[in-house]
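Participant: I have a structure I would like to understand better, so I am pasting it below and will then ask my questions one at a time.
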Amino acid sequence: VSDIPDDHPRAASLRLRERIERHRETGLVAPAGPIAHGRGEAFDYLLGEATPPCVEEDIRAAAALLLEAERPVISVNGNAAALVPAELAELGRAVPAPLEVNVFYGRTSDRERLIADHLKAHGAKTVLGVEPTAKVPRLTSARGWVDREGIARADLVLVLLEDGDRTRALLDWGKRVISVDLNPLSRTARDATLNLCDNIVRAVPKLTEAVRALQGDPLARRALIAGLDGRASTRRVLEFLAQRLLALAADLGAPGGDA
Ligand code: ATP
């Protein structure tokens, strides 16, 4: 039970942190998971802890890509499983796309199994990656292990809170990559076919909603994909951030003035 009072100004953010801490203790989240979460929190603070308007459009484009893909897979690590297990299960059902466990640290099948069981307990039907059977070419880290029936065959992979090496290797393997990463400067965000610069807790439910809205509309899907430009999306996010920071600075008044 949480000790965080409902009226605490940072209650929502503190509850997410609490969830990461709790799952660090259960072993679902890796030792470095809280550090990755903290980096995400910092960028979310800068964004204003809300989905930027330009990212709403990126989410629709990502939904179109997921629906048009032949074999999409949702790649899930410990932090993602701790933060949005039911929401990922729902997204998997809506597309439909299997979830595949992929961990960077502590690859022992115990941890993968823990993550898979957690996802299943929250409604996921198919969870791949517990006994990985294939390797991403030219990726030497443990994260290179993938499922022959999942990421190995996928034409599109949705990667959540990912490191840059694997994103690059998946792209080099001929796959499209949609990432969710709050840091628009990360290698993942800059390399992905499309990065959703948003907190996973907001982005995943919005993505499911967009998938449902576009399900019966192939023309809209194709128009969104035709207009897709991952670099332009990241540029819009950086412009949004720059303008927001300048507006916040202006609110503090002119230097030396008392406005
Ligand atoms: P890269 O190798 O791509 O430059 P990195 O080494 O920083 O990135 P990691 O630390 O492995 O990558 O990945 C964590 C990423 O996930 C960070 O960029 C962080 O901003 C992002 N992140 C953490 N928590 C969240 C969250 N809740 N929602 C969205 N993104 C998040």
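Starting from 1 in every chain, residues are counted up; chains themselves are A, B, ... following the order of the structure tokens, and ligands are numbered from 1 as listed.
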Could you report the residues within 6 Å of ligand 1, using only C-alpha atoms and all ligand atoms, as a list in words?
Facilitator: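 Listing the residues within 6 Å of ligand 1 gives Ala36, His37, Arg39, Gly40, Leu161, Glu162, Asp163, Gly164, Val180, Asp181, Leu182, Asn183, Ser186, Arg187, Thr188, Asp198, Asn199 and Ile200 of chain A.
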Participant: Save the residues we just selected, N, CA, C and O atoms, as an mmCIF file, in the first residue's frame?
Facilitator:
data_model
loop_
_atom_site.group_PDB
_atom_site.id
_atom_site.type_symbol
_atom_site.label_atom_id
_atom_site.label_comp_id
_atom_site.auth_asym_id
_atom_site.auth_seq_id
_atom_site.Cartn_x
_atom_site.Cartn_y
_atom_site.Cartn_z
ATOM 1 N N ALA A 36 17.547 4.178 -15.414
ATOM 2 C CA ALA A 36 16.899 4.482 -16.704
ATOM 3 C C ALA A 36 15.586 5.222 -16.459
ATOM 4 O O ALA A 36 15.245 6.173 -17.172
ATOM 5 N N HIS A 37 14.857 4.809 -15.415
ATOM 6 C CA HIS A 37 13.588 5.462 -15.103
ATOM 7 C C HIS A 37 13.821 6.928 -14.729
ATOM 8 O O HIS A 37 13.079 7.818 -15.157
ATOM 9 N N ARG A 39 16.225 8.864 -15.648
ATOM 10 C CA ARG A 39 16.533 9.672 -16.829
ATOM 11 C C ARG A 39 15.233 10.032 -17.566
ATOM 12 O O ARG A 39 15.032 11.164 -17.998
ATOM 13 N N GLY A 40 14.344 9.055 -17.670
ATOM 14 C CA GLY A 40 13.040 9.324 -18.299
ATOM 15 C C GLY A 40 12.275 10.404 -17.539
ATOM 16 O O GLY A 40 11.739 11.332 -18.147
ATOM 17 N N LEU A 161 11.694 1.786 -24.174
ATOM 18 C CA LEU A 161 12.788 2.140 -23.255
ATOM 19 C C LEU A 161 14.043 1.326 -23.587
ATOM 20 O O LEU A 161 14.562 0.594 -22.766
ATOM 21 N N GLU A 162 14.479 1.483 -24.788
ATOM 22 C CA GLU A 162 15.500 0.610 -25.377
ATOM 23 C C GLU A 162 16.864 1.279 -25.402
ATOM 24 O O GLU A 162 16.940 2.494 -25.377
ATOM 25 N N ASP A 163 17.921 0.508 -25.522
ATOM 26 C CA ASP A 163 19.229 1.137 -25.731
ATOM 27 C C ASP A 163 19.535 1.172 -27.239
ATOM 28 O O ASP A 163 18.952 0.428 -28.023
ATOM 29 N N GLY A 164 20.418 2.086 -27.593
ATOM 30 C CA GLY A 164 20.641 2.381 -29.004
ATOM 31 C C GLY A 164 21.230 1.254 -29.821
ATOM 32 O O GLY A 164 20.939 1.118 -31.008
ATOM 33 N N VAL A 180 9.583 4.018 -28.002
ATOM 34 C CA VAL A 180 8.988 4.962 -27.054
ATOM 35 C C VAL A 180 10.132 5.363 -26.137
ATOM 36 O O VAL A 180 10.666 4.524 -25.406
ATOM 37 N N ASP A 181 10.557 6.611 -26.237
ATOM 38 C CA ASP A 181 11.707 7.065 -25.453
ATOM 39 C C ASP A 181 11.562 8.555 -25.180
ATOM 40 O O ASP A 181 11.452 9.359 -26.111
ATOM 41 N N LEU A 182 11.540 8.904 -23.898
ATOM 42 C CA LEU A 182 11.365 10.308 -23.509
ATOM 43 C C LEU A 182 12.566 11.176 -23.854
ATOM 44 O O LEU A 182 12.459 12.395 -23.858
ATOM 45 N N ASN A 183 13.705 10.541 -24.097
ATOM 46 C CA ASN A 183 14.904 11.324 -24.420
ATOM 47 C C ASN A 183 15.034 11.469 -25.935
ATOM 48 O O ASN A 183 15.437 10.527 -26.618
ATOM 49 N N SER A 186 18.483 10.473 -27.453
ATOM 50 C CA SER A 186 19.093 9.145 -27.339
ATOM 51 C C SER A 186 19.357 8.585 -28.737
ATOM 52 O O SER A 186 18.729 8.999 -29.715
ATOM 53 N N ARG A 187 20.264 7.631 -28.805
ATOM 54 C CA ARG A 187 20.554 7.025 -30.109
ATOM 55 C C ARG A 187 19.300 6.336 -30.633
ATOM 56 O O ARG A 187 19.006 6.387 -31.825
ATOM 57 N N THR A 188 18.558 5.695 -29.725
ATOM 58 C CA THR A 188 17.325 5.035 -30.152
ATOM 59 C C THR A 188 16.379 6.032 -30.800
ATOM 60 O O THR A 188 15.868 5.798 -31.904
ATOM 61 N N ASP A 198 7.442 10.304 -25.449
ATOM 62 C CA ASP A 198 6.359 10.425 -24.467
ATOM 63 C C ASP A 198 6.608 9.391 -23.387
ATOM 64 O O ASP A 198 7.307 8.400 -23.613
ATOM 65 N N ASN A 199 6.002 9.621 -22.231
ATOM 66 C CA ASN A 199 6.110 8.612 -21.180
ATOM 67 C C ASN A 199 5.322 7.374 -21.602
ATOM 68 O O ASN A 199 4.184 7.479 -22.079
ATOM 69 N N ILE A 200 5.909 6.236 -21.396
ATOM 70 C CA ILE A 200 5.266 4.980 -21.765
ATOM 71 C C ILE A 200 3.872 4.847 -21.127
ATOM 72 O O ILE A 200 2.966 4.274 -21.729
#
Participant: Give me the residues near Ser233 in chain A as a ChimeraX atom specification, where near means some atom within 10 Å (using only C-alpha atoms) and where sequence neighbours in that chain fewer than 5 positions away do not count.
Facilitator: /A:54-55,57-58,184,189-190,194-197,228,238-239
Participant: Write down as an MDAnalysis selection string the residues of range 55-232 of chain A whose backbone DSSP state falls under helix (DSSP H, G or I).
Facilitator: chainID A and resid 55:68 78:83 85:94 109:121 142:144 164:172 187:191 200:214 218:226 230:232
Participant: Please identify which residues in range 133-234 of chain A DSSP calls strand (DSSP E or B) from the backbone, and express them as JSON, numbers by chain.
Facilitator: {"A": [134, 135, 145, 146, 156, 157, 158, 159, 160, 176, 177, 178, 179, 180, 194, 195, 196]}
Participant: For those residues, write N, CA, C and O atoms to a file as a compact mmCIF listing (two decimals), in the first residue's frame.
Facilitator:
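Result file follows (result-v6.txt):
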# COMPACT_ATOMS: atom_id res chain seq x y z
N ALA A 134 17.06 -17.38 -31.36
CA ALA A 134 17.77 -16.79 -32.50
C ALA A 134 18.58 -15.59 -32.00
O ALA A 134 18.37 -15.11 -30.89
N LYS A 135 19.50 -15.13 -32.82
CA LYS A 135 20.35 -14.00 -32.44
C LYS A 135 20.23 -12.88 -33.47
O LYS A 135 20.16 -13.14 -34.66
N TRP A 145 19.75 -11.86 -28.03
CA TRP A 145 18.92 -13.06 -28.12
C TRP A 145 17.47 -12.68 -28.40
O TRP A 145 16.92 -11.81 -27.73
N VAL A 146 16.87 -13.33 -29.39
CA VAL A 146 15.46 -13.07 -29.72
C VAL A 146 14.76 -14.39 -30.00
O VAL A 146 15.41 -15.45 -30.07
N LEU A 156 8.30 -5.43 -38.18
CA LEU A 156 8.27 -4.19 -37.40
C LEU A 156 8.34 -4.54 -35.91
O LEU A 156 7.65 -5.46 -35.46
N VAL A 157 9.18 -3.82 -35.18
CA VAL A 157 9.31 -4.07 -33.75
C VAL A 157 9.04 -2.77 -33.00
O VAL A 157 9.60 -1.72 -33.33
N LEU A 158 8.13 -2.86 -32.03
CA LEU A 158 7.89 -1.72 -31.14
C LEU A 158 8.82 -1.91 -29.95
O LEU A 158 8.69 -2.90 -29.22
N VAL A 159 9.78 -1.02 -29.78
CA VAL A 159 10.74 -1.18 -28.68
C VAL A 159 10.47 -0.11 -27.63
O VAL A 159 10.25 1.05 -27.94
N LEU A 160 10.48 -0.55 -26.38
CA LEU A 160 10.11 0.33 -25.28
C LEU A 160 11.32 0.54 -24.39
O LEU A 160 11.91 -0.43 -23.92
N ARG A 176 11.56 -2.43 -39.40
CA ARG A 176 11.20 -1.08 -38.99
C ARG A 176 11.14 -1.07 -37.47
O ARG A 176 10.77 -2.08 -36.86
N VAL A 177 11.49 0.06 -36.88
CA VAL A 177 11.48 0.15 -35.42
C VAL A 177 10.70 1.39 -35.00
O VAL A 177 10.99 2.51 -35.43
N ILE A 178 9.67 1.16 -34.17
CA ILE A 178 9.00 2.27 -33.49
C ILE A 178 9.51 2.21 -32.06
O ILE A 178 9.47 1.15 -31.43
N SER A 179 9.98 3.35 -31.53
CA SER A 179 10.45 3.34 -30.14
C SER A 179 9.58 4.28 -29.32
O SER A 179 8.92 5.18 -29.85
N VAL A 180 9.58 4.02 -28.00
CA VAL A 180 8.99 4.96 -27.05
C VAL A 180 10.13 5.36 -26.14
O VAL A 180 10.67 4.52 -25.41
N LEU A 194 10.51 5.66 -36.24
CA LEU A 194 9.68 6.68 -35.61
C LEU A 194 9.81 6.55 -34.11
O LEU A 194 9.62 5.46 -33.56
N ASN A 195 10.17 7.65 -33.43
CA ASN A 195 10.22 7.61 -31.96
C ASN A 195 9.01 8.37 -31.40
O ASN A 195 8.69 9.46 -31.88
N LEU A 196 8.38 7.77 -30.40
CA LEU A 196 7.31 8.47 -29.69
C LEU A 196 7.94 9.06 -28.43
O LEU A 196 8.28 8.31 -27.50
Participant: Report as a list in words all protein, DNA and RNA residues lying within 7 Å of range 218-226 of chain A, evaluated on only C-alpha atoms, omitting residues in the same chain fewer than 2 positions from it.
Facilitator: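 That gives Ala61, Ala64, Leu65, Leu214, Gly216 and Leu228 of chain A.
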Participant: Measuring atom to atom with only C-alpha atoms, identify which of A:Gly27, A:Ser141, A:Ser2, A:Ala232 is nearest to Asp110 in chain A.
Facilitator: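 Of A:Gly27, A:Ser141, A:Ser2, A:Ala232, the one nearest Asp110 in chain A is A:Gly27, counting only C-alpha atoms.
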Participant: Tell me, counting only C-alpha atoms, for each residue of range 17-54 of chain A within 10 Å of range 68-83 of chain A, which pair of atoms is nearest and how far apart they are in Å to one decimal, in rows ordered by chain and increasing number, as a tab-separated table.
Facilitator:
residue	atom	partner	partner_atom	distance
A:Arg17	CA	A:Leu83	CA	9.3
A:Arg19	CA	A:Ala82	CA	6.7
A:Ile20	CA	A:Ala82	CA	6.4
A:Glu21	CA	A:Ala82	CA	9.5
A:Arg22	CA	A:Ala82	CA	8.9
A:His23	CA	A:Ala82	CA	6.4
A:Arg24	CA	A:Gly78	CA	8.9
A:Gly27	CA	A:Gly78	CA	8.7
A:Leu28	CA	A:Gly78	CA	5.4
A:Val29	CA	A:Gly78	CA	4.6
A:Ala30	CA	A:Gly78	CA	6.6
A:Ala32	CA	A:Asn79	CA	9.9
A:Gly33	CA	A:Asn79	CA	6.2
A:Pro34	CA	A:Asn79	CA	8.2
A:Ala36	CA	A:Asn79	CA	8.5
A:His37	CA	A:Asn79	CA	7.6
Participant: Smallest atom-to-atom distance to Val84 in chain A: which of A:Ala254, A:Val211, A:Ile4, A:Leu16, using only C-alpha atoms?
Facilitator: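 Ranking A:Ala254, A:Val211, A:Ile4, A:Leu16 by distance to Val84 in chain A, first place goes to A:Leu16.
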Participant: Would you mind telling me which residue in A:Ala86, A:Val136, A:Pro98, A:Arg93 lies nearest to His118 in chain A when using only C-alpha atoms?
Facilitator: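 The answer is A:Ala86, which sits nearest to His118 in chain A.
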Participant: Name the residues in contact with Ile59 in chain A at a cut-off of 8 Å, using only C-alpha atoms, excluding same-chain residues fewer than 5 positions from it; report them as an MDAnalysis selection string.
Facilitator: chainID A and resid 196 203 206:207 210
Participant: Take the residues from that selection and put them in a file with all heavy atoms, as a PDB file, in the first residue's frame.
Facilitator:
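Written out: part-v3.pdb:
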ATOM      1  N   LEU A 196       8.378   7.766 -30.401  1.00  0.00           N
ATOM      2  CA  LEU A 196       7.312   8.474 -29.686  1.00  0.00           C
ATOM      3  C   LEU A 196       7.938   9.056 -28.429  1.00  0.00           C
ATOM      4  O   LEU A 196       8.276   8.311 -27.498  1.00  0.00           O
ATOM      5  CB  LEU A 196       6.170   7.508 -29.336  1.00  0.00           C
ATOM      6  CG  LEU A 196       5.589   6.742 -30.524  1.00  0.00           C
ATOM      7  CD1 LEU A 196       4.474   5.793 -30.072  1.00  0.00           C
ATOM      8  CD2 LEU A 196       5.082   7.704 -31.594  1.00  0.00           C
ATOM      9  N   ALA A 203       1.841   6.966 -23.508  1.00  0.00           N
ATOM     10  CA  ALA A 203       1.914   6.608 -24.930  1.00  0.00           C
ATOM     11  C   ALA A 203       1.203   5.287 -25.239  1.00  0.00           C
ATOM     12  O   ALA A 203       0.524   5.182 -26.267  1.00  0.00           O
ATOM     13  CB  ALA A 203       3.375   6.531 -25.369  1.00  0.00           C
ATOM     14  N   LYS A 206      -2.630   5.527 -25.410  1.00  0.00           N
ATOM     15  CA  LYS A 206      -2.998   6.358 -26.566  1.00  0.00           C
ATOM     16  C   LYS A 206      -2.780   5.587 -27.868  1.00  0.00           C
ATOM     17  O   LYS A 206      -3.534   5.736 -28.825  1.00  0.00           O
ATOM     18  CB  LYS A 206      -2.160   7.641 -26.597  1.00  0.00           C
ATOM     19  CG  LYS A 206      -2.657   8.719 -25.628  1.00  0.00           C
ATOM     20  CD  LYS A 206      -1.701   9.897 -25.624  1.00  0.00           C
ATOM     21  CE  LYS A 206      -2.020  10.868 -24.503  1.00  0.00           C
ATOM     22  NZ  LYS A 206      -2.896  11.955 -24.898  1.00  0.00           N
ATOM     23  N   LEU A 207      -1.745   4.766 -27.887  1.00  0.00           N
ATOM     24  CA  LEU A 207      -1.454   3.976 -29.084  1.00  0.00           C
ATOM     25  C   LEU A 207      -2.580   2.956 -29.317  1.00  0.00           C
ATOM     26  O   LEU A 207      -3.027   2.767 -30.453  1.00  0.00           O
ATOM     27  CB  LEU A 207      -0.095   3.281 -28.870  1.00  0.00           C
ATOM     28  CG  LEU A 207       0.630   2.679 -30.049  1.00  0.00           C
ATOM     29  CD1 LEU A 207       0.712   3.638 -31.222  1.00  0.00           C
ATOM     30  CD2 LEU A 207       2.043   2.248 -29.627  1.00  0.00           C
ATOM     31  N   ALA A 210      -5.506   4.744 -30.726  1.00  0.00           N
ATOM     32  CA  ALA A 210      -5.294   5.097 -32.142  1.00  0.00           C
ATOM     33  C   ALA A 210      -5.412   3.859 -33.032  1.00  0.00           C
ATOM     34  O   ALA A 210      -5.950   3.929 -34.142  1.00  0.00           O
ATOM     35  CB  ALA A 210      -3.932   5.757 -32.319  1.00  0.00           C
TER      36      ALA A 210
END
